[in-house]
Amino acid sequence: MMIFDQPYWLSLLLLWPVAIWWWRKQSNRHASLTLSSSEGVGQRRSRRMQIIRFLPGFRHGALLLLVLAMARPQRQWTTQRVEGEGVDIMMALDISPSMLSRDFEPDRLTVSKQVAIDFVKKRPNDRIGLVVFSAEAFTHCPLTPDKRVVQQFIEEVSVGVLEDGTAIGLGLATALNRLKGSTARSKVVVLLTDGENTVPTVLPEDAAQIAVEMGVKVYTIGIGKEGLVESPVSRFPDGSYAFDIRRSVINTRLLESIAAMTGGRFYRAYSAADLSQIYDEIDQLEKTKVELTSYKRSTDYFQWLVGLAGILLLVAFLLQWFMVRTLTP
């Protein structure tokens, strides 16, 4: 169905008679030759005379098209209905040096980032944000419905931008702080780490209690194999890491406790396939339906009218100055 989105512009058509009168008045200003008799003058109109006759039509047509374009003609398509999930999700990602351990290919962090991006793509109707932590924590991306922005921030995550260490409690508290003003029906933190809490800035248990009071569920993920793993052991002046075999330890009891206190779940990821399956399960668990929203899709056509009006004016200009060559006083 064709409609005008801004039909009040059509009121300009009421000025159409005034415009025609003005153009005719202007055309009468051109020099003319008066003859006492038309006898002996050929009755056949020259090509130039025919062009002069049609020039006002080009201008009137261009003006009409511009008025119609300002009224913004649109084609309305079928009304669609969309169900939103109504979930605000903060992802808390460990970026301590141990996340570069090579028991995943190529390392734990690279796989975690890719799986997190895949998870974000599956949540088109939710707001998602990202907190990163090691010995410190900061909000890398606030809650946003723009999934392209979230994916870009996840891709930019790297090890070494914060002081070394693992502050699980601080990472969780920072994520909770971003959910403090949320009005979503469901609020969730997905916390991924590969170690123990080594920085007592905020106790993980205290952060979990805050989550309980806020009604936030925390899904905890312990990533990596325990035992001997090729991991970073020192850092070179250029920022790169030296690797050697070292023992990897994950405090699964702590992660289980956080999840249990908040009504979430604890998961262990020993491979990329495990991690992908975990995110799929979280995606299925966090489905909070909200009120149906209806909207209409439309296609604008004003640009075509503007383009056609421009062509008519250009043709009129070329005919006026290169073929007709009228003289004005």
# chains A, B, ... in the order shown; residues from 1 in each chain; ligands from 1

call {"tool": "select_by_dssp", "arguments": {"residues": "range 74-306 of chain A", "states": "strand (DSSP E or B)", "output": "PyMOL selection string"}}
result
chain A and resi 74-76+80-82+87-94+127-133+137-144+186-193+216-223+227-235+241-248+266-269+293-295+298-300

call {"tool": "write_last_selection", "arguments": {"atoms": "C-alpha atoms", "output": "CSV table (one decimal), in the first residue's frame"}}
result
chain,number,residue,atom,x,y,z
A,74,GLN,CA,6.3,5.1,1.0
A,75,ARG,CA,5.2,1.6,0.4
A,76,GLN,CA,3.9,-0.1,3.5
A,80,GLN,CA,5.4,-8.1,11.6
A,81,ARG,CA,5.5,-9.1,15.2
A,82,VAL,CA,8.6,-9.7,17.2
A,87,VAL,CA,17.4,-10.2,29.2
A,88,ASP,CA,20.3,-8.0,30.2
A,89,ILE,CA,23.5,-10.0,30.1
A,90,MET,CA,27.0,-8.9,31.3
A,91,MET,CA,29.9,-11.1,30.3
A,92,ALA,CA,32.8,-11.1,32.7
A,93,LEU,CA,35.9,-12.4,30.9
A,94,ASP,CA,39.2,-13.3,32.6
A,127,ARG,CA,21.3,-6.0,25.8
A,128,ILE,CA,24.8,-7.3,26.3
A,129,GLY,CA,27.9,-5.8,27.9
A,130,LEU,CA,31.4,-6.9,28.6
A,131,VAL,CA,33.7,-6.7,31.7
A,132,VAL,CA,37.3,-7.9,31.6
A,133,PHE,CA,39.4,-8.6,34.6
A,137,ALA,CA,38.6,-5.0,36.3
A,138,PHE,CA,36.9,-2.5,34.0
A,139,THR,CA,33.9,-2.3,31.8
A,140,HIS,CA,35.1,-2.9,28.2
A,141,CYS,CA,31.6,-2.5,26.8
A,142,PRO,CA,28.5,-1.2,28.6
A,143,LEU,CA,25.1,-2.8,28.1
A,144,THR,CA,24.0,-2.2,24.5
A,186,SER,CA,16.0,-11.1,33.7
A,187,LYS,CA,19.5,-10.1,34.6
A,188,VAL,CA,22.4,-12.4,34.1
A,189,VAL,CA,26.2,-12.5,34.5
A,190,VAL,CA,28.3,-15.0,32.5
A,191,LEU,CA,31.6,-15.3,34.3
A,192,LEU,CA,34.5,-17.1,32.6
A,193,THR,CA,37.9,-17.8,34.3
A,216,VAL,CA,21.0,-11.5,39.2
A,217,LYS,CA,21.8,-15.1,38.2
A,218,VAL,CA,25.5,-15.9,37.7
A,219,TYR,CA,26.6,-18.6,35.3
A,220,THR,CA,30.2,-19.5,36.0
A,221,ILE,CA,32.5,-21.3,33.5
A,222,GLY,CA,35.9,-22.8,34.4
A,223,ILE,CA,37.9,-23.1,31.3
A,227,GLY,CA,47.6,-30.3,35.6
A,228,LEU,CA,50.6,-29.5,33.5
A,229,VAL,CA,49.9,-27.0,30.7
A,230,GLU,CA,52.1,-24.9,28.4
A,231,SER,CA,51.5,-21.4,29.9
A,232,PRO,CA,53.1,-17.9,30.1
A,233,VAL,CA,55.8,-17.8,32.8
A,234,SER,CA,57.4,-14.4,32.1
A,235,ARG,CA,57.0,-11.3,30.1
A,241,TYR,CA,55.3,-13.8,26.8
A,242,ALA,CA,57.7,-16.6,27.4
A,243,PHE,CA,56.0,-20.0,27.7
A,244,ASP,CA,56.9,-23.1,29.7
A,245,ILE,CA,55.2,-26.1,31.3
A,246,ARG,CA,53.4,-25.2,34.5
A,247,ARG,CA,50.6,-26.5,36.7
A,248,SER,CA,47.1,-25.2,36.0
A,266,PHE,CA,28.6,-23.9,37.0
A,267,TYR,CA,30.2,-25.4,33.9
A,268,ARG,CA,33.5,-26.9,33.1
A,269,ALA,CA,35.0,-26.4,29.6
A,293,THR,CA,5.8,-5.6,19.7
A,294,SER,CA,4.3,-4.9,16.3
A,295,TYR,CA,5.9,-2.7,13.7
A,298,SER,CA,8.3,0.6,4.7
A,299,THR,CA,10.3,1.5,1.6
A,300,ASP,CA,10.9,5.2,0.7

call {"tool": "atom_distance", "arguments": {"atom1": "CA of Ile258 in chain A", "atom2": "CA of Pro204 in chain A"}}
result
7.4 Å

call {"tool": "residues_around", "arguments": {"residues": "Glu196 in chain A", "least_positions_apart": "4", "cutoff": "7 Å", "atoms": "only C-alpha atoms", "output": "list of chain:residue names"}}
result
A:Thr166, A:Ile250, A:Asn251

call {"tool": "write_last_selection", "arguments": {"atoms": "N, CA and C atoms", "output": "PDB file, in the first residue's frame"}}
result
ATOM      1  N   THR A 166      44.347 -12.597  39.246  1.00  0.00           N
ATOM      2  CA  THR A 166      42.978 -13.030  38.964  1.00  0.00           C
ATOM      3  C   THR A 166      42.065 -12.562  40.092  1.00  0.00           C
ATOM      4  N   ILE A 250      42.269 -24.755  38.863  1.00  0.00           N
ATOM      5  CA  ILE A 250      41.016 -24.000  38.766  1.00  0.00           C
ATOM      6  C   ILE A 250      40.208 -24.253  40.032  1.00  0.00           C
ATOM      7  N   ASN A 251      39.771 -23.187  40.663  1.00  0.00           N
ATOM      8  CA  ASN A 251      39.001 -23.309  41.903  1.00  0.00           C
ATOM      9  C   ASN A 251      37.537 -23.582  41.564  1.00  0.00           C
TER      10      ASN A 251
END

call {"tool": "select_by_dssp", "arguments": {"residues": "range 198-324 of chain A", "states": "alpha helix (DSSP H)", "output": "PyMOL selection string"}}
result
chain A and resi 204-214+252-262+272-285+302-319

call {"tool": "atom_distance", "arguments": {"atom1": "CA of Leu109 in chain A", "atom2": "CA of Gly160 in chain A"}}
result
12.1 Å

call {"tool": "atom_distance", "arguments": {"atom1": "CA of Leu318 in chain A", "atom2": "CA of Arg59 in chain A"}}
result
12.5 Å

call {"tool": "closest_residue", "arguments": {"among": "A:Ser276, A:Arg102, A:Ile20, A:Ser96", "to": "Leu63 in chain A", "atoms": "only C-alpha atoms"}}
result
A:Ile20

call {"tool": "closest_residue", "arguments": {"among": "A:Pro237, A:Pro97, A:Gly224, A:Gly310", "to": "Val111 in chain A", "atoms": "only C-alpha atoms"}}
result
A:Gly224

call {"tool": "closest_residue", "arguments": {"among": "A:Ile282, A:Ala208, A:Ala173, A:Leu203", "to": "Lys122 in chain A", "atoms": "only C-alpha atoms"}}
result
A:Ile282
